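What follows is one structure encoded as structure tokens, with my remarks underneath.
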Amino acid sequence: MPSPLELIKKKRAEAVSRIIGKGYLSTKRVYVGMATCEIAAGSKDVMEVFQKAVSRGLTDVYLSQKGCAGRCNLEPTVEVIEQGKNPVKYGKVDKERAVQIIERHLKNGEVIKEWVID
Amino acid sequence: MSETYRIILCDGTACINSGARKLSALLRAQLEQHGLTDRVTIGLSGCLGMCDKGPIVVVNPGYTIYGRVTENDIPEIVAEHLVHGRPIARLAIQEDHLYNRFFRVFGDETFFGRQMRITLRNCGIIDPESIDDYLSLRGYEALAKAITEMTPAEVVAEIEKSGLRGRGGAGFPTGLKWKFAAAQQTTPKYVICNADEGDPGAFMDRSAIEGDPHTIVEGMLIGGYAIGAEKGIVYIRAEYPLAIQRIQKAIDDARAHGLLGDHILGSDFSFDMEIRLGAGAFVCGEETALIHSIEGARGMPRPRPPYPSVSGLFDQPTLINNVETWANVPVIILDGADWFRTVGTETSAGTKVFALAGKVVNTGLIEVPMGTTLRQIIYDIGGGIPHGKTFKAVQTGGPSGGCLPEPYLDTPIDYESLAKAGSIMGSGGMIVIDEDSCMVDIAKFFLEFTQNESCGKCTPCREGTKRMLEILTRITEGKGQPGDIEKLERLSNMIRKSSLCGLGQSAPNPVLSTIKNFRVEYEEHIHEKRCRAKACSSLVVYEITETCVGCGACRKVCPVGAISGSAKNKHVVDQDKCIRCGMCFNTCKFDAIAKV
């Protein structure tokens with residue numbers, strides 16, 4: 001009988017492989033803030049834009065939601081984490097900005113500086 | 001090679017003492033020398049919690065952490081890592097702590113760099129609805145460690161040693177609470193998470209649950225194991241639907257993984273959880289009232305002792321802690337009480353989450369080590385006061401707290417210092433107030449809240465707050481009488497001393513602290529019928545200035561016809577007719593109406 005500690009480590013390994021199975025190792029990971037406050041600021045619409053893009057064939061992107069990022073006055077926030085690059089967090093993202101982030105950043109690798117929170 | 005690097009220097013006290021600031025100057029000089037200033041930027045962070053390995057230099061991307069960096073190492077870091085992109089293995093250190101581990105992906109370190117994330121470690125990082133995300137980050141490992149390697153008594157001892165204190169506001173030592181509950185022989189015992197967050201402007205608990213619900217589940221499981229309880233209840237407000245949905249999903253997923261239910265992870269420990277919804281009464285955040293509410297009775301407090309640890313839910317031993325307190329538990333178990341004690345101050349270990357709101361540039365949810373000053377929070381993290389206005393006060397502790405003016409800005413955040421300054425830690429609301437707010441009006445706002453939320457059981461709170469509110473209302477309406485301040489003080493002291501529960505005992509705090517720190521504003525309202533912030537509508541006089549172009553817009557909106565004047569000529573306000581509604585002020589496009 002494995003100990004609880006061994007069991008949880010096994011569970012962790014399984015969880016990690018499931019996450020990887022969902023595409024976690026994609027070059028770009030995109031996180032959309034989906035706490036109550038972010039949703040109130042319009043993040044559901046933003047999420048939809050990204051979801052649609054993925055379902056319409058945007059590849060090499062791992063899309064996920066996240067909780068409150070703590071940036072009340074700049075919500076909704078979208079974070080793009082790219083292998084080997086500095087993380088980028090966009091603020092006040094609406095549908096139009098989401099489209100631009102997909103076209104310019106995710107497809108063409110351009111960091112849209114004026115929307116970056118820093 | 002055009003990689004853009006971001007270097008973060010730990011600017012915590014320990015790192016500064018070991019020479020971090022010298023490194024910073026040297027680093028700048030080296031960057032200059034190699035012509036790297038364009039593509040390497042330097043930022044400072046607050047304490048990263050790796051004090052024994054300081055000074056710490058972090059290089060991003062890649063999140064390479066260099067520890068015990070000396071002046072001799074800087075040229076090598078610049079030449080090897082920044083010029084050639086070869087991280088230096090000799091200096092790099094590996095960290096596998098739970099706290100702050102996502103510092104690297106926060107980006108945005110002007111805001112996050114000054115913070116230290118223990119309870120919010122996963123919040124805003126992981127998908128809160130995915131147990132896989134949580135498991136992958138050593139989720140439930142603290143629970144497994146407790147069950148496998150520790151006896152319940154050892155868990156209690158570890159929490160006690162950590163110095164963790166109740167984050168709900170009062171700051172009672174958590175370990176002591178656990179010890180009392182564990183010592184009881186009666187069974188069944190209960191574990192409760194108090195998520196009845198009610199302070200106006202506070203959203204710490206909601207965000208924590210929405211962002212990382214499994215942390216709470218794990219914390220409560222550990223609590224259950226420690227005291228010998230098999231049942232946990234999350235008491236949360238019905239007005240937090242998303243938080244409820246996410247914690248429910250967390251509970252269901254945990255159960256499906258064998259992390260809740262009988263024989264957890266194959267052990268002898270069994271524990272299950274459920275959610276109880278609160279209807280939104282502020283008093284139900286008080287533990288005995290909360291317990292009554294779960295029992296199906298009216299949410300009213302009762303005198304303590306007996307404390308819930310001895311006789312709580314259904315008269316059984318009950319361990320009740322706040323959301324943020326629970327979220328600390330897995331970290332203490334995995335990273336150790338000894339480490340936890342090194343964060344914060346002597347009397348207040350760890351961090352505190354604040355909901356920073358009001359007149360501050362960066363409003364938001366922040367977590368800082370205890371001992372951080374109010375000034376650091378408001379100016380370094382919060383970015384100061386917007387629109388060039390002047391800081392007037394900071395309100396901490398919500399309706400039970402107080403307003404602290406400028407001289408108190410260097411007060412370190414810990415339970416004792418804040419109490420000494422005349423406010424309280426509270427659950428973490430922090431509202432910044434600028435010159436545009438009237439302190440009497442603020443006091444009235446909070447008292448209106450507590451007066452509304454008074455459950456009515458004890459007379460001092462029920463009647464006393466009502467009388468205080470009447471006095472405050474008449475002061476703000478310009479009908480204050482000499483002696484009102486003294487009356488307020490007398491009532492306050494009486495209510496504080498004789499109320500049954502914390503709601504009444506702390507209700508006068510906003511009034512007392514504003515009288516103490518802003519007495520002159522009260523006096524102006526009473527004796528001069530004047531509100532310096534021009535916030536009390538009854539005391540404001542509207543006048544039309546020379547800037548008036550005679551457009552007539554104000555004349556048209558005035559509901560009582562108090563404004564007269566012909567086209568293209570300066571208009572005037574008839575002060576006898578004016579009801580001070582402010583419509584003209586809001587309408588004028590030429591800033592020609594002044595509040596005097």
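Here, A, B, ... name the chains of the structure tokens in the order displayed, residue numbers run from 1 inside each chain, and ligands are numbered from 1 in the same displayed order.
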Quick one: residues within 8 Å of Gly70 of chain A, only C-alpha atoms counted, chain neighbours fewer than 6 positions away excluded, as a PyMOL selection string? chain B and resi 124+364-366
Can you tell me, as a ChimeraX atom specification, what residues are no more than 9 Å from Asp484 of chain B when counting only C-alpha atoms, ignoring any on the same chain fewer than 2 positions away? /B:471-472,475,480-482,486-489,526
Go ahead and write the selection's residues with N, CA and C atoms as a PDB file, in the first residue's frame.
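Below is the file that was written, selection.pdb:
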```
ATOM      1  N   ILE B 471     -26.787  62.061  15.401  1.00  0.00           N
ATOM      2  CA  ILE B 471     -25.930  63.217  15.675  1.00  0.00           C
ATOM      3  C   ILE B 471     -25.052  63.527  14.462  1.00  0.00           C
ATOM      4  N   LEU B 472     -24.465  62.468  13.885  1.00  0.00           N
ATOM      5  CA  LEU B 472     -23.596  62.674  12.723  1.00  0.00           C
ATOM      6  C   LEU B 472     -24.378  63.268  11.557  1.00  0.00           C
ATOM      7  N   ILE B 475     -24.915  66.894  12.084  1.00  0.00           N
ATOM      8  CA  ILE B 475     -23.681  67.668  11.902  1.00  0.00           C
ATOM      9  C   ILE B 475     -23.428  67.905  10.408  1.00  0.00           C
ATOM     10  N   GLY B 480     -25.468  70.843  13.512  1.00  0.00           N
ATOM     11  CA  GLY B 480     -24.720  70.379  14.673  1.00  0.00           C
ATOM     12  C   GLY B 480     -24.779  71.389  15.813  1.00  0.00           C
ATOM     13  N   GLN B 481     -24.738  70.875  17.031  1.00  0.00           N
ATOM     14  CA  GLN B 481     -24.789  71.758  18.190  1.00  0.00           C
ATOM     15  C   GLN B 481     -23.499  71.633  18.988  1.00  0.00           C
ATOM     16  N   PRO B 482     -23.127  72.716  19.680  1.00  0.00           N
ATOM     17  CA  PRO B 482     -21.965  72.609  20.546  1.00  0.00           C
ATOM     18  C   PRO B 482     -22.184  71.450  21.527  1.00  0.00           C
ATOM     19  N   GLU B 486     -18.522  65.836  22.067  1.00  0.00           N
ATOM     20  CA  GLU B 486     -18.387  65.191  23.372  1.00  0.00           C
ATOM     21  C   GLU B 486     -19.443  64.097  23.547  1.00  0.00           C
ATOM     22  N   LYS B 487     -20.631  64.380  23.050  1.00  0.00           N
ATOM     23  CA  LYS B 487     -21.711  63.394  23.132  1.00  0.00           C
ATOM     24  C   LYS B 487     -21.335  62.142  22.347  1.00  0.00           C
ATOM     25  N   LEU B 488     -20.774  62.373  21.155  1.00  0.00           N
ATOM     26  CA  LEU B 488     -20.358  61.238  20.321  1.00  0.00           C
ATOM     27  C   LEU B 488     -19.299  60.410  21.036  1.00  0.00           C
ATOM     28  N   GLU B 489     -18.373  61.118  21.656  1.00  0.00           N
ATOM     29  CA  GLU B 489     -17.299  60.400  22.355  1.00  0.00           C
ATOM     30  C   GLU B 489     -17.856  59.570  23.510  1.00  0.00           C
ATOM     31  N   ILE B 526     -19.776  72.097  12.880  1.00  0.00           N
ATOM     32  CA  ILE B 526     -20.698  72.478  13.946  1.00  0.00           C
ATOM     33  C   ILE B 526     -20.750  73.994  14.135  1.00  0.00           C
TER      34      ILE B 526
END
```
Could you work out which residues of chain A fall inside 6 Å of chain B? Count only C-alpha atoms, and format the result as a ChimeraX atom specification. /A:4-5,12,15-16,65-73,84-88,117-118
Check the DSSP output for the backbone and give back, as a PyMOL selection string, the residues of segment 93-295 of chain B in helix (DSSP H, G or I). chain B and resi 103-105+109-112+131-136+141-149+152-162+174-183+204-211+213-227+241-256+264-266+282-285+287-295
Selection to disk with C-alpha atoms, as a compact mmCIF listing (two decimals), in the first residue's frame:
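Everything below was put into again35.txt:
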```txt
# COMPACT_ATOMS: atom_id res chain seq x y z
CA PHE B 103 6.84 35.72 -9.28
CA ARG B 104 8.43 34.96 -12.63
CA VAL B 105 5.23 34.90 -14.58
CA GLU B 109 6.60 43.69 -11.36
CA THR B 110 6.19 47.33 -10.47
CA PHE B 111 2.96 46.14 -8.93
CA PHE B 112 3.77 42.56 -7.98
CA ILE B 131 -7.87 20.36 -9.97
CA ASP B 132 -5.09 19.24 -12.32
CA ASP B 133 -3.63 22.74 -12.28
CA TYR B 134 -3.67 22.71 -8.49
CA LEU B 135 -2.29 19.19 -8.20
CA SER B 136 0.53 20.00 -10.60
CA GLU B 141 0.99 17.58 -0.92
CA ALA B 142 0.78 19.41 2.40
CA LEU B 143 -2.23 17.29 3.30
CA ALA B 144 -0.44 14.11 2.26
CA LYS B 145 2.64 15.15 4.19
CA ALA B 146 0.56 15.82 7.30
CA ILE B 147 -1.19 12.45 7.09
CA THR B 148 1.96 10.51 6.22
CA GLU B 149 4.64 12.10 8.33
CA PRO B 152 -2.27 15.55 14.52
CA ALA B 153 -0.47 16.99 17.55
CA GLU B 154 2.58 17.74 15.42
CA VAL B 155 0.42 19.59 12.89
CA VAL B 156 -1.07 21.70 15.67
CA ALA B 157 2.41 22.34 17.05
CA GLU B 158 3.65 23.41 13.62
CA ILE B 159 0.81 25.91 13.19
CA GLU B 160 1.40 27.21 16.69
CA LYS B 161 5.10 27.59 16.04
CA SER B 162 4.48 29.47 12.80
CA THR B 174 -4.43 30.36 15.14
CA GLY B 175 -2.33 27.62 16.73
CA LEU B 176 -3.92 28.27 20.09
CA LYS B 177 -7.38 27.94 18.58
CA TRP B 178 -6.36 24.64 17.02
CA LYS B 179 -4.85 23.45 20.27
CA PHE B 180 -8.04 24.15 22.22
CA ALA B 181 -10.19 22.37 19.63
CA ALA B 182 -7.79 19.42 19.45
CA ALA B 183 -7.80 19.05 23.23
CA MET B 204 -10.08 39.52 -0.49
CA ASP B 205 -11.96 36.35 0.36
CA ARG B 206 -13.99 36.36 -2.81
CA SER B 207 -10.88 36.73 -4.94
CA ALA B 208 -8.99 34.09 -3.00
CA ILE B 209 -11.78 31.54 -3.39
CA GLU B 210 -12.42 32.43 -7.01
CA GLY B 211 -8.74 32.27 -7.84
CA PRO B 213 -10.44 27.30 -4.18
CA HIS B 214 -8.47 24.10 -3.62
CA THR B 215 -6.13 25.88 -1.22
CA ILE B 216 -9.07 26.42 1.12
CA VAL B 217 -10.20 22.82 0.79
CA GLU B 218 -6.68 21.60 1.52
CA GLY B 219 -6.26 23.95 4.47
CA MET B 220 -9.51 22.77 6.01
CA LEU B 221 -8.59 19.13 5.46
CA ILE B 222 -5.37 19.69 7.37
CA GLY B 223 -7.34 21.46 10.10
CA GLY B 224 -9.74 18.54 10.28
CA TYR B 225 -6.87 16.08 10.57
CA ALA B 226 -5.21 18.17 13.26
CA ILE B 227 -8.20 18.49 15.58
CA PRO B 241 -22.17 33.08 -6.98
CA LEU B 242 -18.93 32.50 -8.86
CA ALA B 243 -16.96 31.83 -5.69
CA ILE B 244 -19.65 29.37 -4.59
CA GLN B 245 -19.62 27.64 -7.95
CA ARG B 246 -15.84 27.31 -7.89
CA ILE B 247 -15.51 26.06 -4.34
CA GLN B 248 -18.33 23.59 -5.01
CA LYS B 249 -16.48 22.34 -8.07
CA ALA B 250 -13.29 22.09 -6.03
CA ILE B 251 -15.08 20.02 -3.39
CA ASP B 252 -16.63 17.74 -6.03
CA ASP B 253 -13.34 17.27 -7.85
CA ALA B 254 -11.46 16.62 -4.62
CA ARG B 255 -14.02 14.01 -3.68
CA ALA B 256 -13.70 12.37 -7.09
CA ILE B 264 -8.45 9.86 2.33
CA LEU B 265 -5.45 8.76 0.27
CA GLY B 266 -5.77 5.30 1.75
CA PHE B 282 -22.76 41.51 8.33
CA VAL B 283 -23.10 40.20 11.86
CA CYS B 284 -22.87 36.61 10.59
CA GLY B 285 -19.15 37.16 10.10
CA GLU B 287 -18.25 33.45 14.71
CA THR B 288 -21.03 32.72 17.18
CA ALA B 289 -23.63 34.41 14.95
CA LEU B 290 -22.27 32.46 11.99
CA ILE B 291 -22.67 29.22 13.92
CA HIS B 292 -26.26 30.12 14.82
CA SER B 293 -26.93 30.81 11.17
CA ILE B 294 -25.64 27.38 10.13
CA GLU B 295 -27.76 25.77 12.82
```
